[in-house]
$ cat upload-v6.cif   # mmCIF, C-alpha atoms
data_work
loop_
_atom_site.group_PDB
_atom_site.id
_atom_site.type_symbol
_atom_site.label_atom_id
_atom_site.label_comp_id
_atom_site.auth_asym_id
_atom_site.auth_seq_id
_atom_site.Cartn_x
_atom_site.Cartn_y
_atom_site.Cartn_z
ATOM 1 C CA MET A 260 -14.680 -7.107 -9.191
ATOM 2 C CA ILE A 261 -15.980 -4.451 -6.811
ATOM 3 C CA THR A 262 -17.717 -1.535 -8.479
ATOM 4 C CA TYR A 263 -16.421 1.867 -7.468
ATOM 5 C CA ASN A 264 -16.647 5.390 -8.824
ATOM 6 C CA VAL A 265 -14.003 8.073 -8.698
ATOM 7 C CA ALA A 266 -15.867 10.954 -7.072
ATOM 8 C CA HIS A 267 -12.932 13.371 -7.009
ATOM 9 C CA HIS A 268 -9.300 13.138 -8.030
ATOM 10 C CA ILE A 269 -6.392 15.508 -7.936
ATOM 11 C CA PRO A 270 -2.820 14.233 -8.082
ATOM 12 C CA GLY A 271 -1.979 12.942 -4.618
ATOM 13 C CA ARG A 272 -5.584 12.607 -3.392
ATOM 14 C CA ILE A 273 -8.494 10.551 -4.644
ATOM 15 C CA ARG A 274 -11.978 9.950 -3.259
ATOM 16 C CA ILE A 275 -13.761 6.837 -4.408
ATOM 17 C CA GLU A 276 -17.340 5.810 -3.748
ATOM 18 C CA VAL A 277 -18.132 2.131 -3.138
ATOM 19 C CA PRO A 278 -21.926 1.720 -3.361
ATOM 20 C CA ALA A 279 -21.871 -1.909 -2.141
ATOM 21 C CA ILE A 280 -20.769 -0.748 1.322
ATOM 22 C CA LYS A 281 -24.287 0.630 1.928
ATOM 23 C CA LYS A 282 -25.685 -2.905 1.862
ATOM 24 C CA LEU A 283 -23.308 -4.364 4.451
ATOM 25 C CA SER A 284 -24.402 -5.335 7.929
ATOM 26 C CA VAL A 285 -22.515 -4.073 10.966
ATOM 27 C CA VAL A 286 -20.850 -7.495 11.295
ATOM 28 C CA ASP A 287 -19.748 -7.403 7.654
ATOM 29 C CA LEU A 288 -18.438 -3.840 8.043
ATOM 30 C CA LYS A 289 -16.329 -4.959 10.993
ATOM 31 C CA SER A 290 -15.041 -7.889 8.939
ATOM 32 C CA LEU A 291 -14.220 -5.571 6.059
ATOM 33 C CA PHE A 292 -12.248 -3.209 8.306
ATOM 34 C CA ALA A 293 -10.419 -6.166 9.853
ATOM 35 C CA VAL A 294 -9.376 -7.420 6.408
ATOM 36 C CA LEU A 295 -8.384 -3.942 5.258
ATOM 37 C CA SER A 296 -6.284 -3.366 8.363
ATOM 38 C CA MET A 297 -4.349 -6.587 7.743
ATOM 39 C CA LEU A 298 -3.530 -5.847 4.108
ATOM 40 C CA PRO A 299 -0.070 -4.451 3.530
ATOM 41 C CA VAL A 300 -0.111 -0.793 2.557
ATOM 42 C CA PRO A 301 2.159 -0.312 -0.444
ATOM 43 C CA LEU A 302 4.886 2.274 -0.515
ATOM 44 C CA GLY A 303 3.421 5.527 -1.745
ATOM 45 C CA ILE A 304 0.114 5.327 0.104
ATOM 46 C CA LYS A 305 0.180 8.018 2.776
ATOM 47 C CA ASP A 306 -3.309 7.722 4.252
ATOM 48 C CA ILE A 307 -6.618 5.931 3.719
ATOM 49 C CA ARG A 308 -9.680 7.361 5.438
ATOM 50 C CA PRO A 309 -13.087 5.705 5.167
ATOM 51 C CA ASN A 310 -16.312 7.677 5.293
ATOM 52 C CA LEU A 311 -19.100 5.198 5.959
ATOM 53 C CA LEU A 312 -21.892 7.756 5.691
ATOM 54 C CA ALA A 313 -20.797 8.682 2.176
ATOM 55 C CA CYS A 314 -19.687 5.101 1.391
ATOM 56 C CA SER A 315 -16.385 6.462 0.209
ATOM 57 C CA LEU A 316 -12.660 6.266 0.798
ATOM 58 C CA VAL A 317 -10.171 9.098 0.601
ATOM 59 C CA ILE A 318 -6.687 7.968 -0.318
ATOM 60 C CA GLU A 319 -3.693 10.254 -0.142
ATOM 61 C CA TYR A 320 -0.690 9.029 -2.104
ATOM 62 C CA ASP A 321 2.657 9.972 -3.607
ATOM 63 C CA THR A 322 2.264 10.324 -7.376
ATOM 64 C CA LYS A 323 5.960 9.584 -7.922
ATOM 65 C CA ILE A 324 5.821 6.222 -6.157
ATOM 66 C CA ILE A 325 2.466 4.598 -6.892
ATOM 67 C CA ASN A 326 0.037 4.362 -9.802
ATOM 68 C CA ILE A 327 -3.189 4.894 -7.882
ATOM 69 C CA MET A 328 -5.433 3.530 -10.628
ATOM 70 C CA GLU A 329 -3.525 0.229 -10.674
ATOM 71 C CA TYR A 330 -3.725 0.066 -6.883
ATOM 72 C CA LEU A 331 -7.506 0.587 -7.010
ATOM 73 C CA LYS A 332 -7.860 -2.199 -9.575
ATOM 74 C CA GLU A 333 -5.875 -4.552 -7.322
ATOM 75 C CA MET A 334 -8.002 -3.708 -4.300
ATOM 76 C CA ALA A 335 -11.238 -4.085 -6.287
ATOM 77 C CA SER A 336 -10.119 -7.598 -7.242
ATOM 78 C CA ASN A 337 -8.940 -8.712 -3.782
ATOM 79 C CA LYS A 338 -10.681 -12.016 -3.003
ATOM 80 C CA ASP A 339 -10.957 -11.381 0.749
ATOM 81 C CA ILE A 340 -12.625 -8.013 0.190
ATOM 82 C CA LEU A 341 -14.847 -9.465 -2.538
ATOM 83 C CA ASN A 342 -16.049 -12.213 -0.190
ATOM 84 C CA ILE A 343 -17.205 -9.697 2.414
ATOM 85 C CA ILE A 344 -18.769 -7.176 0.032
ATOM 86 C CA GLY A 345 -20.429 -9.986 -1.910
ATOM 87 C CA ARG A 346 -22.404 -10.950 1.219
ATOM 88 C CA GLY A 347 -24.035 -7.501 1.411
#
$ encode --input "upload-v6.cif" --output "structure tokens"
Amino acid sequence: MITYNVAHHIPGRIRIEVPAIKKLSVVDLKSLFAVLSMLPVPLGIKDIRPNLLACSLVIEYDTKIINIMEYLKEMASNKDILNIIGRG
């Protein structure tokens, strides 16, 4: 499972830090973004913005449609993402 920290959370917007991203090479970062862009975005996710300098993601979501904590757990367990981050 990928380790992440919730840096800030208000209903509808969450910023998570993913420390393992700092260790990725440029090639692995490109692979990670390719995998992320191919994953289906579930109903309720409005926007996902990465910030590579801060090694974080900002996710905007609809609180009535999606349980963001369950979504984060699913993403942190995704085998394709784990394979890339595990190389870092």
$ resolve_selection --input "upload-v6.cif" --expression "the PyMOL selection byres ((chain A and resi 313-323) around 7)" --output "list in words"
Pro270, Gly271, Arg272, Ile273, Arg274, Ile275, Glu276, Val277, Pro278, Ile280, Lys281, Gly303, Ile304, Lys305, Asp306, Ile307, Arg308, Pro309, Asn310, Leu311, Leu312, Ile324, Ile325 and Asn326 of chain A
$ closest_residue --input "upload-v6.cif" --among "A:Ala335, A:Ile327, A:Leu298, A:Leu291" --to "A:Tyr263" --atoms "all atoms listed in the file"
A:Ala335
$ atom_distance --input "upload-v6.cif" --atom1 "atom CA of A:Leu295" --atom2 "atom CA of A:Lys338"
11.8 Å
$ atom_distance --input "upload-v6.cif" --atom1 "atom CA of A:Met328" --atom2 "atom CA of A:Val300"
14.9 Å
$ closest_residue --input "upload-v6.cif" --among "A:Asp287, A:Val294, A:Ile269, A:Met260" --to "A:Leu331" --atoms "all atoms listed in the file"
A:Met260
$ axis_aligned_box --input "upload-v6.cif" --around "stretch 301-314 of chain A" --padding-each-side "6 Å" --output "lines of an AutoDock Vina configuration file"
center_x = -8.5
center_y = 4.2
center_z = 2.1
size_x = 38.8
size_y = 21.0
size_z = 19.7
$ atom_distance --input "upload-v6.cif" --atom1 "atom CA of A:Asn337" --atom2 "atom CA of A:Leu283"
17.1 Å
$ closest_residue --input "upload-v6.cif" --among "A:Val285, A:Asn264, A:Ala279, A:Pro299" --to "A:Leu341" --atoms "all atoms listed in the file"
A:Ala279
$ closest_residue --input "upload-v6.cif" --among "A:Leu302, A:Val286, A:Ala266, A:Ile261" --to "A:Asp339" --atoms "all atoms listed in the file"
A:Ile261
